[in-house]
$ cat target.cif   # mmCIF, C-alpha atoms
data_protein
#
loop_
_atom_site.label_atom_id
_atom_site.label_comp_id
_atom_site.auth_asym_id
_atom_site.auth_seq_id
_atom_site.Cartn_x
_atom_site.Cartn_y
_atom_site.Cartn_z
CA MET A 1 25.44 54.69 -147.36
CA LYS A 2 23.34 52.95 -144.68
CA ASN A 3 21.27 55.27 -142.52
CA ARG A 4 22.22 58.24 -144.63
CA SER A 5 19.62 60.77 -145.61
CA LEU A 6 19.04 61.95 -149.17
CA VAL A 7 18.42 65.69 -149.04
CA SER A 8 20.04 67.05 -152.19
CA ILE A 9 21.28 65.42 -155.40
CA THR A 10 24.73 66.81 -154.57
CA ASP A 11 24.79 64.53 -151.50
CA TYR A 12 25.46 61.65 -153.92
CA SER A 13 28.73 61.06 -155.74
CA LYS A 14 28.79 59.89 -159.35
CA ASP A 15 29.23 56.28 -158.18
CA GLU A 16 26.32 56.55 -155.75
CA ILE A 17 24.08 57.96 -158.48
CA LEU A 18 25.02 55.08 -160.78
CA GLU A 19 24.39 52.61 -157.97
CA ILE A 20 20.83 53.94 -157.50
CA LEU A 21 20.18 53.75 -161.25
CA HIS A 22 21.50 50.19 -161.33
CA LEU A 23 19.23 49.23 -158.43
CA ALA A 24 16.27 50.85 -160.17
CA THR A 25 16.93 48.61 -163.19
CA GLU A 26 16.75 45.59 -160.87
CA PHE A 27 13.46 46.81 -159.36
CA GLU A 28 11.99 47.43 -162.78
CA ALA A 29 12.70 43.78 -163.63
CA SER A 30 10.98 42.65 -160.41
CA PRO A 31 9.02 45.43 -158.68
CA ASN A 32 7.14 43.13 -156.28
CA GLN A 33 9.39 41.75 -153.55
CA LYS A 34 9.22 41.23 -149.80
CA ILE A 35 12.43 42.99 -148.86
CA LEU A 36 10.74 45.78 -146.87
CA ALA A 37 8.61 43.33 -144.85
CA GLY A 38 8.70 44.43 -141.19
CA LYS A 39 9.74 47.98 -142.08
CA ILE A 40 7.64 51.08 -141.50
CA ILE A 41 8.14 54.13 -143.68
CA ALA A 42 6.59 57.47 -142.71
CA THR A 43 5.40 59.79 -145.47
CA LEU A 44 5.04 63.27 -143.97
CA PHE A 45 3.50 65.63 -146.51
CA PHE A 46 3.29 69.08 -144.92
CA GLU A 47 1.97 70.28 -148.28
CA PRO A 48 -0.04 68.13 -150.64
CA SER A 49 1.71 66.44 -153.57
CA THR A 50 -0.42 63.53 -154.62
CA ARG A 51 1.84 62.44 -157.49
CA THR A 52 5.02 62.19 -155.43
CA ARG A 53 3.29 60.68 -152.40
CA LEU A 54 1.54 57.95 -154.41
CA SER A 55 4.80 57.13 -156.15
CA PHE A 56 6.69 56.69 -152.85
CA GLU A 57 3.83 54.82 -151.19
CA THR A 58 3.39 52.45 -154.13
CA ALA A 59 7.14 51.87 -154.19
CA VAL A 60 7.08 50.85 -150.50
CA ASN A 61 3.85 48.84 -150.73
CA ARG A 62 5.15 46.76 -153.62
CA LEU A 63 8.14 45.81 -151.45
CA ARG A 64 5.78 44.85 -148.57
CA GLY A 65 6.74 47.75 -146.31
CA ARG A 66 4.08 49.52 -144.26
CA ILE A 67 3.25 53.22 -144.50
CA ILE A 68 2.28 55.71 -141.78
CA GLY A 69 1.92 59.47 -142.13
CA PHE A 70 -0.23 62.29 -143.40
CA SER A 71 -0.91 63.86 -146.77
CA ASP A 72 -1.71 67.40 -145.67
CA ALA A 73 -0.39 69.52 -142.79
CA MET A 74 -3.99 70.37 -141.85
CA THR A 75 -4.38 66.85 -140.51
CA SER A 76 -1.11 66.88 -138.55
CA SER A 77 -0.15 68.44 -135.26
CA SER A 78 1.81 71.20 -137.01
CA VAL A 79 -1.53 72.97 -137.32
CA LYS A 80 -1.51 73.09 -133.49
CA GLY A 81 1.85 74.83 -133.64
CA GLU A 82 4.19 71.86 -133.13
CA THR A 83 7.69 72.56 -134.45
CA LEU A 84 9.16 70.49 -137.25
CA HIS A 85 11.79 69.40 -134.74
CA ASP A 86 9.22 67.83 -132.45
CA THR A 87 7.23 66.20 -135.27
CA ILE A 88 10.38 64.57 -136.67
CA ARG A 89 11.59 63.36 -133.25
CA MET A 90 8.18 61.89 -132.53
CA VAL A 91 7.76 60.13 -135.90
CA ALA A 92 11.34 58.82 -135.75
CA ASN A 93 10.23 56.81 -132.70
CA TYR A 94 7.88 54.84 -134.94
CA ALA A 95 9.33 54.70 -138.44
CA ASP A 96 12.51 53.23 -139.95
CA ALA A 97 12.78 56.08 -142.49
CA ILE A 98 10.92 59.31 -143.17
CA VAL A 99 9.89 60.61 -146.59
CA MET A 100 9.16 64.31 -146.18
CA ARG A 101 7.66 67.07 -148.29
CA HIS A 102 7.64 70.53 -146.72
CA PRO A 103 6.98 74.01 -148.14
CA LEU A 104 9.97 75.63 -146.37
CA GLU A 105 13.37 75.55 -148.05
CA GLY A 106 16.07 73.81 -146.04
CA SER A 107 13.52 71.90 -143.95
CA ALA A 108 14.82 68.53 -145.17
CA ARG A 109 18.46 69.36 -144.33
CA TYR A 110 17.37 70.45 -140.88
CA ALA A 111 15.26 67.32 -140.41
CA SER A 112 18.22 65.14 -141.42
CA GLU A 113 20.33 66.76 -138.69
CA ILE A 114 17.90 66.07 -135.88
CA SER A 115 16.44 62.73 -137.00
CA PRO A 116 17.91 59.45 -135.78
CA VAL A 117 16.43 57.72 -138.87
CA PRO A 118 17.18 58.61 -142.50
CA ILE A 119 15.23 61.41 -144.17
CA ILE A 120 14.33 61.26 -147.86
CA ASN A 121 13.58 64.72 -149.20
CA ALA A 122 10.46 64.62 -151.38
CA GLY A 123 10.69 68.37 -152.04
CA ASP A 124 11.53 71.28 -149.74
CA GLY A 125 9.84 74.33 -151.27
CA ALA A 126 11.63 75.54 -154.38
CA ASN A 127 14.91 74.04 -153.19
CA GLN A 128 15.57 70.33 -153.82
CA HIS A 129 13.68 67.26 -155.01
CA PRO A 130 16.37 64.63 -155.52
CA SER A 131 14.10 61.65 -156.30
CA GLN A 132 12.79 63.63 -159.30
CA THR A 133 16.35 64.22 -160.50
CA LEU A 134 17.25 60.54 -160.10
CA LEU A 135 14.17 59.45 -162.06
CA ASP A 136 15.08 61.95 -164.79
CA LEU A 137 18.57 60.41 -164.96
CA TYR A 138 17.10 56.91 -165.00
CA SER A 139 14.81 57.88 -167.89
CA ILE A 140 17.75 59.34 -169.83
CA LEU A 141 19.89 56.27 -169.18
CA LYS A 142 17.11 53.87 -170.10
CA THR A 143 16.25 55.59 -173.38
CA GLN A 144 19.76 56.49 -174.54
CA GLY A 145 21.68 53.49 -173.15
CA THR A 146 24.21 55.89 -171.61
CA LEU A 147 24.44 59.13 -169.67
CA GLU A 148 27.72 60.15 -171.30
CA ASN A 149 28.20 62.80 -174.01
CA LEU A 150 24.55 63.69 -174.55
CA LYS A 151 23.09 66.87 -176.01
CA ILE A 152 20.31 68.06 -173.72
CA CYS A 153 17.92 70.92 -174.47
CA LEU A 154 16.24 72.43 -171.41
CA VAL A 155 13.09 74.34 -172.27
CA GLY A 156 10.65 76.63 -170.47
CA ASP A 157 10.99 78.05 -166.98
CA LEU A 158 14.73 77.79 -166.45
CA LYS A 159 14.75 80.55 -163.84
CA TYR A 160 12.58 79.03 -161.13
CA GLY A 161 12.47 75.39 -162.26
CA ARG A 162 14.33 73.43 -159.63
CA THR A 163 14.21 70.23 -161.69
CA VAL A 164 16.36 71.73 -164.46
CA HIS A 165 18.86 73.15 -161.96
CA SER A 166 19.27 69.79 -160.24
CA LEU A 167 19.53 68.05 -163.60
CA ILE A 168 22.48 70.27 -164.56
CA MET A 169 24.22 69.42 -161.27
CA ALA A 170 23.62 65.69 -161.67
CA MET A 171 24.52 65.53 -165.39
CA SER A 172 27.77 67.42 -164.73
CA HIS A 173 29.39 64.03 -163.98
CA PHE A 174 28.69 62.77 -167.50
CA ASN A 175 30.20 65.25 -169.96
CA PRO A 176 26.95 66.71 -171.30
CA CYS A 177 26.30 69.60 -173.68
CA PHE A 178 23.34 71.87 -172.92
CA ARG A 179 21.12 74.29 -174.79
CA PHE A 180 18.97 76.54 -172.62
CA ILE A 181 15.77 77.58 -174.39
CA ALA A 182 13.75 80.12 -172.43
CA PRO A 183 12.03 83.49 -172.79
CA ASP A 184 14.05 86.41 -171.41
CA GLU A 185 11.88 86.54 -168.29
CA LEU A 186 12.73 82.95 -167.39
CA LYS A 187 16.38 82.63 -168.44
CA MET A 188 18.83 80.31 -166.71
CA PRO A 189 20.27 82.15 -163.66
CA ASP A 190 23.95 83.16 -163.76
CA GLU A 191 24.71 80.87 -160.84
CA TYR A 192 24.14 77.77 -163.01
CA LYS A 193 25.88 79.19 -166.06
CA LEU A 194 28.88 79.88 -163.84
CA PHE A 195 28.67 76.30 -162.58
CA CYS A 196 28.80 75.05 -166.20
CA LYS A 197 31.78 77.25 -167.02
CA LYS A 198 33.67 76.10 -163.94
CA ASN A 199 33.03 72.46 -164.85
CA LYS A 200 33.84 73.01 -168.54
CA ILE A 201 30.33 72.06 -169.63
CA PRO A 202 29.48 73.68 -172.99
CA PHE A 203 26.13 75.46 -173.22
CA GLU A 204 24.23 77.75 -175.58
CA GLU A 205 21.25 80.00 -174.94
CA THR A 206 18.36 80.89 -177.19
CA THR A 207 14.84 82.25 -176.86
CA GLU A 208 13.26 80.31 -179.75
CA LEU A 209 12.06 76.71 -179.45
CA ALA A 210 11.17 75.84 -183.06
CA GLY A 211 14.09 74.45 -185.07
CA ASN A 212 16.49 74.61 -182.11
CA PHE A 213 16.52 70.97 -181.02
CA ASP A 214 17.19 68.96 -184.18
CA ASP A 215 20.60 67.92 -182.84
CA ALA A 216 19.31 67.00 -179.35
CA ASP A 217 19.18 63.60 -177.65
CA ILE A 218 16.92 64.83 -174.86
CA LEU A 219 14.31 67.58 -174.94
CA TYR A 220 13.47 68.40 -171.32
CA ILE A 221 10.40 70.63 -171.13
CA THR A 222 9.12 72.43 -168.04
CA ARG A 223 5.94 74.31 -167.33
CA VAL A 224 5.82 78.05 -167.97
CA GLN A 225 3.67 79.37 -165.14
CA LYS A 226 1.41 82.32 -165.62
CA GLU A 227 2.19 83.76 -162.18
CA ARG A 228 5.84 84.28 -163.17
CA PHE A 229 4.85 87.03 -165.63
CA LEU A 230 4.12 90.68 -164.86
CA ASP A 231 2.91 91.34 -168.40
CA MET A 232 -0.01 89.10 -169.39
CA LEU A 233 0.39 89.90 -173.11
CA GLU A 234 3.95 88.63 -172.88
CA PHE A 235 2.70 85.48 -171.18
CA GLU A 236 0.21 84.83 -173.99
CA ARG A 237 2.95 85.22 -176.60
CA VAL A 238 5.41 83.01 -174.74
CA LYS A 239 2.77 80.38 -174.00
CA ASN A 240 2.14 79.87 -177.70
CA THR A 241 5.73 79.93 -178.93
CA TYR A 242 6.72 77.45 -176.24
CA THR A 243 4.17 74.80 -177.14
CA LEU A 244 5.79 71.73 -178.65
CA LYS A 245 3.70 70.33 -181.54
CA ASN A 246 4.15 67.08 -183.37
CA ASN A 247 5.11 68.70 -186.70
CA MET A 248 8.05 70.44 -184.99
CA LEU A 249 9.65 67.03 -184.43
CA ARG A 250 9.97 66.23 -188.15
CA ASN A 251 13.75 66.73 -188.35
CA SER A 252 14.64 65.59 -184.86
CA LYS A 253 17.08 62.73 -184.21
CA PRO A 254 15.60 59.19 -184.16
CA ASN A 255 16.84 58.64 -180.60
CA LEU A 256 15.32 61.89 -179.28
CA LYS A 257 13.15 61.54 -176.19
CA ILE A 258 10.88 64.23 -174.76
CA LEU A 259 10.83 64.48 -170.98
CA HIS A 260 8.64 66.60 -168.72
CA PRO A 261 8.39 66.44 -164.89
CA LEU A 262 4.54 66.79 -165.17
CA PRO A 263 1.95 68.13 -164.65
CA ARG A 264 1.91 69.62 -168.12
CA VAL A 265 -0.45 72.37 -169.19
CA ASN A 266 0.17 73.92 -172.59
CA GLU A 267 3.85 73.19 -173.18
CA ILE A 268 3.28 69.94 -175.06
CA HIS A 269 0.37 69.65 -177.47
CA PRO A 270 -1.60 66.41 -177.03
CA ASP A 271 -0.77 65.50 -180.67
CA VAL A 272 2.77 64.72 -179.46
CA ASP A 273 1.55 62.05 -177.02
CA ASN A 274 1.36 59.30 -179.63
CA ASN A 275 4.77 60.06 -181.08
CA PRO A 276 7.23 57.34 -179.91
CA LYS A 277 9.59 60.16 -178.94
CA ALA A 278 7.18 61.27 -176.20
CA TYR A 279 8.42 59.72 -172.97
CA TYR A 280 6.88 61.76 -170.13
CA PHE A 281 4.37 59.17 -168.97
CA GLN A 282 6.95 56.35 -168.84
CA GLN A 283 9.24 58.84 -167.09
CA ALA A 284 6.70 59.18 -164.27
CA GLN A 285 6.40 55.39 -164.04
CA ASN A 286 10.19 55.10 -163.77
CA GLY A 287 9.88 57.20 -160.63
CA MET A 288 8.50 54.26 -158.71
CA TYR A 289 11.50 52.00 -159.45
CA VAL A 290 13.90 54.79 -158.59
CA ARG A 291 12.07 55.41 -155.29
CA GLN A 292 12.25 51.69 -154.49
CA ALA A 293 16.00 51.97 -155.03
CA ILE A 294 16.27 55.09 -152.81
CA VAL A 295 14.25 53.66 -149.91
CA THR A 296 16.12 50.35 -149.83
CA LYS A 297 19.43 52.18 -150.17
CA VAL A 298 18.94 54.58 -147.26
CA LEU A 299 17.80 51.67 -145.10
CA GLY A 300 20.95 49.77 -146.00
CA ILE A 301 18.95 46.82 -147.34
CA LYS A 302 20.50 47.06 -150.79
CA MET B 1 55.05 110.34 -125.33
CA LYS B 2 51.67 110.49 -127.00
CA LYS B 3 48.80 110.52 -124.56
CA LEU B 4 46.53 107.53 -125.06
CA GLN B 5 42.89 108.35 -125.64
CA VAL B 6 41.82 105.08 -124.02
CA ALA B 7 43.82 103.78 -121.06
CA ALA B 8 46.57 101.22 -121.73
CA LEU B 9 46.02 97.53 -121.20
CA LYS B 10 48.35 95.30 -119.19
CA GLU B 11 47.16 91.96 -120.61
CA GLY B 12 44.47 91.29 -123.15
CA THR B 13 43.20 92.09 -126.62
CA VAL B 14 42.87 95.42 -128.40
CA ILE B 15 40.53 95.71 -131.36
CA ASP B 16 41.52 98.86 -133.19
CA HIS B 17 40.44 100.71 -136.33
CA ILE B 18 36.78 99.84 -136.03
CA PRO B 19 34.51 102.18 -138.04
CA PRO B 20 32.61 104.12 -135.29
CA LYS B 21 29.22 103.13 -136.69
CA LYS B 22 30.15 99.44 -136.35
CA LEU B 23 31.29 99.58 -132.73
CA PHE B 24 28.11 98.30 -131.17
CA LYS B 25 27.76 95.54 -133.79
CA VAL B 26 31.30 94.39 -132.95
CA ILE B 27 30.37 94.36 -129.26
CA THR B 28 27.31 92.23 -130.07
CA LEU B 29 29.19 89.83 -132.36
CA LEU B 30 31.82 89.20 -129.70
CA LYS B 31 29.08 88.91 -127.06
CA LEU B 32 30.94 91.44 -124.90
CA GLN B 33 27.70 92.42 -123.20
CA ASN B 34 27.91 89.06 -121.39
CA CYS B 35 31.63 89.31 -120.67
CA ASP B 36 32.71 89.90 -117.04
CA ASN B 37 36.23 91.10 -117.86
CA MET B 38 37.22 94.73 -117.59
CA ILE B 39 36.43 96.39 -120.93
CA THR B 40 37.11 99.92 -122.07
CA PHE B 41 36.02 101.34 -125.35
CA GLY B 42 36.19 104.64 -127.13
CA THR B 43 34.51 105.89 -130.22
CA ASN B 44 34.81 108.86 -132.58
CA LEU B 45 38.50 108.99 -131.70
CA GLU B 46 40.86 110.76 -134.07
CA SER B 47 42.58 108.52 -136.57
CA LYS B 48 45.11 109.53 -139.22
CA ARG B 49 44.04 106.66 -141.42
CA MET B 50 40.27 106.67 -140.97
CA GLY B 51 39.43 110.17 -139.77
CA ARG B 52 37.35 108.76 -136.92
CA LYS B 53 37.62 105.32 -135.40
CA ALA B 54 36.49 103.22 -132.50
CA ILE B 55 38.60 100.96 -130.28
CA ILE B 56 37.83 98.19 -127.77
CA LYS B 57 40.22 96.93 -125.10
CA VAL B 58 39.32 93.73 -123.28
CA SER B 59 41.44 92.95 -120.28
CA GLU B 60 42.76 89.41 -119.77
CA LYS B 61 40.82 88.02 -122.69
CA PHE B 62 42.32 86.24 -125.71
CA PHE B 63 39.75 85.35 -128.33
CA GLU B 64 39.57 82.13 -130.33
CA ASP B 65 40.07 82.65 -134.08
CA SER B 66 36.52 81.47 -134.71
CA GLU B 67 35.21 84.21 -132.39
CA ILE B 68 37.35 87.09 -133.52
CA ASN B 69 37.10 86.30 -137.24
CA ARG B 70 33.38 86.97 -137.07
CA ILE B 71 34.06 90.69 -137.08
CA THR B 72 35.53 90.52 -140.61
CA LEU B 73 31.87 90.38 -141.69
CA ILE B 74 31.33 93.98 -140.53
CA ALA B 75 34.77 95.51 -139.91
CA PRO B 76 37.20 93.77 -142.27
CA ASN B 77 39.93 96.37 -141.71
CA ALA B 78 39.95 96.19 -137.91
CA LYS B 79 43.31 95.42 -136.32
CA ILE B 80 43.74 92.91 -133.51
CA ASN B 81 46.65 93.34 -131.10
CA ILE B 82 47.49 90.88 -128.35
CA ILE B 83 48.98 92.63 -125.32
CA LYS B 84 51.17 91.06 -122.66
CA ASN B 85 52.78 93.20 -119.97
CA PHE B 86 51.83 96.44 -121.78
CA GLU B 87 53.59 95.32 -124.99
CA VAL B 88 52.04 94.26 -128.29
CA VAL B 89 53.26 90.67 -128.57
CA GLU B 90 51.19 89.65 -131.59
CA LYS B 91 49.30 91.34 -134.39
CA ARG B 92 46.61 88.88 -135.29
CA PRO B 93 45.54 89.06 -138.95
CA LEU B 94 41.78 88.86 -139.45
CA LYS B 95 40.62 86.09 -141.75
CA LEU B 96 37.21 85.44 -143.24
CA PRO B 97 35.72 82.52 -141.32
CA ASP B 98 34.90 79.36 -143.34
CA GLU B 99 31.43 79.31 -141.85
CA VAL B 100 29.28 81.46 -139.62
CA LYS B 101 26.61 80.21 -137.28
CA GLU B 102 23.86 82.03 -135.45
CA ILE B 103 24.88 85.66 -136.13
CA VAL B 104 23.56 86.08 -139.67
CA THR B 105 19.90 86.02 -140.75
CA CYS B 106 19.05 84.25 -144.04
CA PRO B 107 17.61 86.73 -146.56
CA ASN B 108 15.42 84.03 -148.15
CA PRO B 109 11.92 84.52 -146.68
CA ALA B 110 11.05 80.88 -147.46
CA CYS B 111 14.06 79.50 -145.54
CA ILE B 112 13.28 77.22 -142.60
CA THR B 113 15.56 79.32 -140.35
CA ASN B 114 13.16 82.27 -140.66
CA HIS B 115 10.15 80.23 -139.48
CA GLN B 116 11.32 77.69 -136.93
CA PRO B 117 13.80 77.82 -134.04
CA VAL B 118 16.79 76.70 -136.16
CA THR B 119 20.28 78.15 -135.66
CA THR B 120 21.41 79.74 -138.92
CA HIS B 121 24.51 78.33 -140.60
CA PHE B 122 26.31 79.77 -143.63
CA ILE B 123 29.28 78.64 -145.69
CA VAL B 124 31.50 81.63 -146.52
CA GLN B 125 33.06 81.84 -149.97
CA GLU B 126 35.07 84.62 -151.53
CA GLU B 127 35.01 85.00 -155.30
CA ARG B 128 36.78 87.88 -157.02
CA ASP B 129 36.63 90.08 -153.91
CA VAL B 130 32.92 89.40 -153.43
CA VAL B 131 32.07 87.66 -150.18
CA LEU B 132 29.21 85.19 -150.64
CA LEU B 133 27.32 83.48 -147.85
CA LYS B 134 25.59 80.24 -148.80
CA CYS B 135 22.85 79.08 -146.46
CA HIS B 136 23.55 75.53 -145.27
CA TYR B 137 19.79 74.91 -145.17
CA CYS B 138 18.03 76.53 -148.14
CA GLU B 139 21.26 76.53 -150.24
CA LYS B 140 20.65 80.11 -151.46
CA GLU B 141 23.67 82.36 -151.88
CA ALA B 142 23.69 86.01 -150.87
CA LYS B 143 26.31 88.72 -150.96
CA LEU B 144 27.59 89.87 -147.60
CA GLU B 145 26.01 93.33 -148.13
CA GLU B 146 22.61 91.69 -148.63
CA VAL B 147 22.44 89.80 -145.35
CA LYS B 148 21.35 91.08 -141.98
CA ILE B 149 23.75 90.55 -139.14
CA LYS B 150 21.91 89.99 -135.89
#

$ encode --input "target.cif" --output "structure tokens"
Amino acid sequence: MKNRSLVSITDYSKDEILEILHLATEFEASPNQKILAGKIIATLFFEPSTRTRLSFETAVNRLRGRIIGFSDAMTSSSVKGETLHDTIRMVANYADAIVMRHPLEGSARYASEISPVPIINAGDGANQHPSQTLLDLYSILKTQGTLENLKICLVGDLKYGRTVHSLIMAMSHFNPCFRFIAPDELKMPDEYKLFCKKNKIPFEETTELAGNFDDADILYITRVQKERFLDMLEFERVKNTYTLKNNMLRNSKPNLKILHPLPRVNEIHPDVDNNPKAYYFQQAQNGMYVRQAIVTKVLGIK
Amino acid sequence: MKKLQVAALKEGTVIDHIPPKKLFKVITLLKLQNCDNMITFGTNLESKRMGRKAIIKVSEKFFEDSEINRITLIAPNAKINIIKNFEVVEKRPLKLPDEVKEIVTCPNPACITNHQPVTTHFIVQEERDVVLLKCHYCEKEAKLEEVKIK
């Protein structure tokens, strides 16, 4: 896998996914090492994403690598009209790997084709964000002890939410069972339901959250965004029925964990935060270990 | 003997049964405007099967499969005849190409190929008689009818 870019979660086989998760476990046990000493990693953020950038940069810093780059396209030469092609070729002269976030879909695939050094996709528009998917898998594995045969409820914006789509793709290796819980406006697209059918993955669909996850091992909640709704009255209704409150967890399984890619707005009431089943903040922390695994893997160090 | 509406070809390729409205697209897809060979074409010719049809005859040119199969995107029922010494020596069946580069525009406005000088690239899939083009870059799928052919 040396010198190979990570653009989409489907670039990795089941074994490669498991290898990353195994490496992340090792980094969690000892996150401060010197194995990236002498390496330079570029973080090119053509659109701001503080959370993802800090996670990658902390991951590299803790392994003694050095960081170059920019956190906003306004401070890069793309504002002068430089093509992505030229920016990537230029930065590849300096860095051993490039972590890139870009608002245009497909930009990471294109960058991986023209770059002599590996590209790690940190989000290309609404398309792919594989390090998020891998940290979701790591969080599931860590809390459940396995990825196999789990019941996963996906809640919220299942239409536009790229994290849930990638999670379905990645979990398809592990014999899961899904329940899609979304308002009609934000239902799971046919494309992914067809994917489940083809891969013999059982799934159910419902529009109600309350009482529909008592059999679940994982409750994966995503943000319902106001701008997705034409009818504001409908948004107000949906916003309230899709808020998870602590008392709704009364009959849930003891091993249930609640995940959320963050930032959260209204989907999870703050009274859930102290419930041991709430896992979204640890989930974000797991991201750093997973990103340490990804960076060392694409560089062929691990 | 039936009089030919477009003069016979000694050696080369005949592309027959093109819908008249697609003639100029076929010419563009095969880049015939840059071809130095002798080319004759006719359009709005009588056809028993289609009512009206167009035909292209390219002298001394034999297309690669990857070139000729492009036209299935716009004229799937066209017929390709290979001519040697005034005889049809081969009827070449048209096949959907596995991928198409350059000639199709991605319908996703947020796709990198619509903003930067990137050659478009699609994977072609056929599912239950529906032809789907999946963009190699933004990974969005579109039906053939929904895409714009350059």

$ closest_atom_pairs --input "target.cif" --of "stretch 24-143 of chain B" --to "stretch 120-142 of chain A" --cutoff "10 Å" --atoms "all atoms listed in the file" --output "Markdown table"
| residue | atom | partner | partner_atom | distance |
| --- | --- | --- | --- | --- |
| B:Ala110 | CA | A:Gly125 | CA | 7.7 |
| B:Cys111 | CA | A:Gly125 | CA | 8.8 |
| B:Ile112 | CA | A:Asp124 | CA | 9.5 |
| B:Tyr137 | CA | A:Asn127 | CA | 9.4 |
| B:Cys138 | CA | A:Asn127 | CA | 6.4 |
| B:Glu139 | CA | A:Asn127 | CA | 7.4 |
| B:Lys140 | CA | A:Asn127 | CA | 8.5 |

$ write_last_selection --input "target.cif" --atoms "C-alpha atoms" --output "short mmCIF file (atom, residue, chain, number, x, y, z; two decimals), in the coordinates of the input"
data_model
loop_
_atom_site.label_atom_id
_atom_site.label_comp_id
_atom_site.auth_asym_id
_atom_site.auth_seq_id
_atom_site.Cartn_x
_atom_site.Cartn_y
_atom_site.Cartn_z
CA ALA B 110 11.05 80.88 -147.46
CA CYS B 111 14.06 79.50 -145.54
CA ILE B 112 13.28 77.22 -142.60
CA TYR B 137 19.79 74.91 -145.17
CA CYS B 138 18.03 76.53 -148.14
CA GLU B 139 21.26 76.53 -150.24
CA LYS B 140 20.65 80.11 -151.46
#

$ resolve_selection --input "target.cif" --expression "the PyMOL selection byres ((chain A) within 7 of (chain B))" --output "list in words"
Thr83, Leu104, Glu105, Gly106, Ser107, Arg109, Tyr110 and Asn127 of chain A

$ resolve_selection --input "target.cif" --expression "the PyMOL selection byres ((chain B and resi 77-90) around 10)" --output "PyMOL selection string"
chain B and resi 8-19+53-63+68+71-72+74-76+91-94

$ write_last_selection --input "target.cif" --atoms "C-alpha atoms" --output "CSV table (one decimal), in the coordinates of the input"
chain,number,residue,atom,x,y,z
B,8,ALA,CA,46.6,101.2,-121.7
B,9,LEU,CA,46.0,97.5,-121.2
B,10,LYS,CA,48.4,95.3,-119.2
B,11,GLU,CA,47.2,92.0,-120.6
B,12,GLY,CA,44.5,91.3,-123.2
B,13,THR,CA,43.2,92.1,-126.6
B,14,VAL,CA,42.9,95.4,-128.4
B,15,ILE,CA,40.5,95.7,-131.4
B,16,ASP,CA,41.5,98.9,-133.2
B,17,HIS,CA,40.4,100.7,-136.3
B,18,ILE,CA,36.8,99.8,-136.0
B,19,PRO,CA,34.5,102.2,-138.0
B,53,LYS,CA,37.6,105.3,-135.4
B,54,ALA,CA,36.5,103.2,-132.5
B,55,ILE,CA,38.6,101.0,-130.3
B,56,ILE,CA,37.8,98.2,-127.8
B,57,LYS,CA,40.2,96.9,-125.1
B,58,VAL,CA,39.3,93.7,-123.3
B,59,SER,CA,41.4,93.0,-120.3
B,60,GLU,CA,42.8,89.4,-119.8
B,61,LYS,CA,40.8,88.0,-122.7
B,62,PHE,CA,42.3,86.2,-125.7
B,63,PHE,CA,39.8,85.4,-128.3
B,68,ILE,CA,37.4,87.1,-133.5
B,71,ILE,CA,34.1,90.7,-137.1
B,72,THR,CA,35.5,90.5,-140.6
B,74,ILE,CA,31.3,94.0,-140.5
B,75,ALA,CA,34.8,95.5,-139.9
B,76,PRO,CA,37.2,93.8,-142.3
B,91,LYS,CA,49.3,91.3,-134.4
B,92,ARG,CA,46.6,88.9,-135.3
B,93,PRO,CA,45.5,89.1,-139.0
B,94,LEU,CA,41.8,88.9,-139.4

$ closest_residue --input "target.cif" --among "A:Val238, A:Ala210, A:Ile9, A:Leu219" --to "A:Ser172" --atoms "only C-alpha atoms"
A:Ile9

$ resolve_selection --input "target.cif" --expression "the PyMOL selection byres ((chain A and resi 196) around 12)" --output "PyMOL selection string"
chain A and resi 165+167-173+175-180+188-195+197-204

$ atom_distance --input "target.cif" --atom1 "atom CA of A:Glu26" --atom2 "atom CA of A:Asn286"
11.9 Å

$ atom_distance --input "target.cif" --atom1 "atom CA of B:Leu29" --atom2 "atom CA of B:Asp129"
22.8 Å

$ residues_near_point --input "target.cif" --point "(11.3, 67.7, -170.1)" --cutoff "8 Å" --atoms "all atoms listed in the file" --output "VMD selection string"
chain A and resid 154 to 155 218 to 222 258 to 261 280

$ residues_around --input "target.cif" --residues "A:Ala95" --least-positions-apart "6" --cutoff "9 Å" --atoms "only C-alpha atoms" --output "VMD selection string"
chain A and resid 39 to 42 67 to 68 117

$ atom_distance --input "target.cif" --atom1 "atom CA of A:Arg228" --atom2 "atom CA of A:Thr207"
16.5 Å

$ closest_residue --input "target.cif" --among "A:Arg264, A:His269, A:Lys226, A:Lys14" --to "A:Leu244" --atoms "only C-alpha atoms"
A:His269

$ axis_aligned_box --input "target.cif" --around "stretch 68-71 of chain B" --padding-each-side "8 Å" --output "lines of an AutoDock Vina configuration file"
center_x = 35.4
center_y = 88.5
center_z = -135.4
size_x = 20.0
size_y = 20.4
size_z = 19.7

$ closest_residue --input "target.cif" --among "A:Leu6, A:Ile294, A:Leu44, A:Val91" --to "A:Pro103" --atoms "all atoms listed in the file"
A:Leu44

$ residues_around --input "target.cif" --residues "B:Lys31" --least-positions-apart "3" --cutoff "12 Å" --atoms "only C-alpha atoms" --output "list in words"
Phe24, Lys25, Val26, Ile27, Thr28, Asn34, Cys35, Asp36, Asn37, Val58, Phe63, Glu67, Ile68, Arg70, Ile71, Ile103 and Lys150 of chain B

$ closest_residue --input "target.cif" --among "A:Thr163, A:Asn212, A:Asn246, A:Ser5" --to "A:Asp96" --atoms "all atoms listed in the file"
A:Ser5
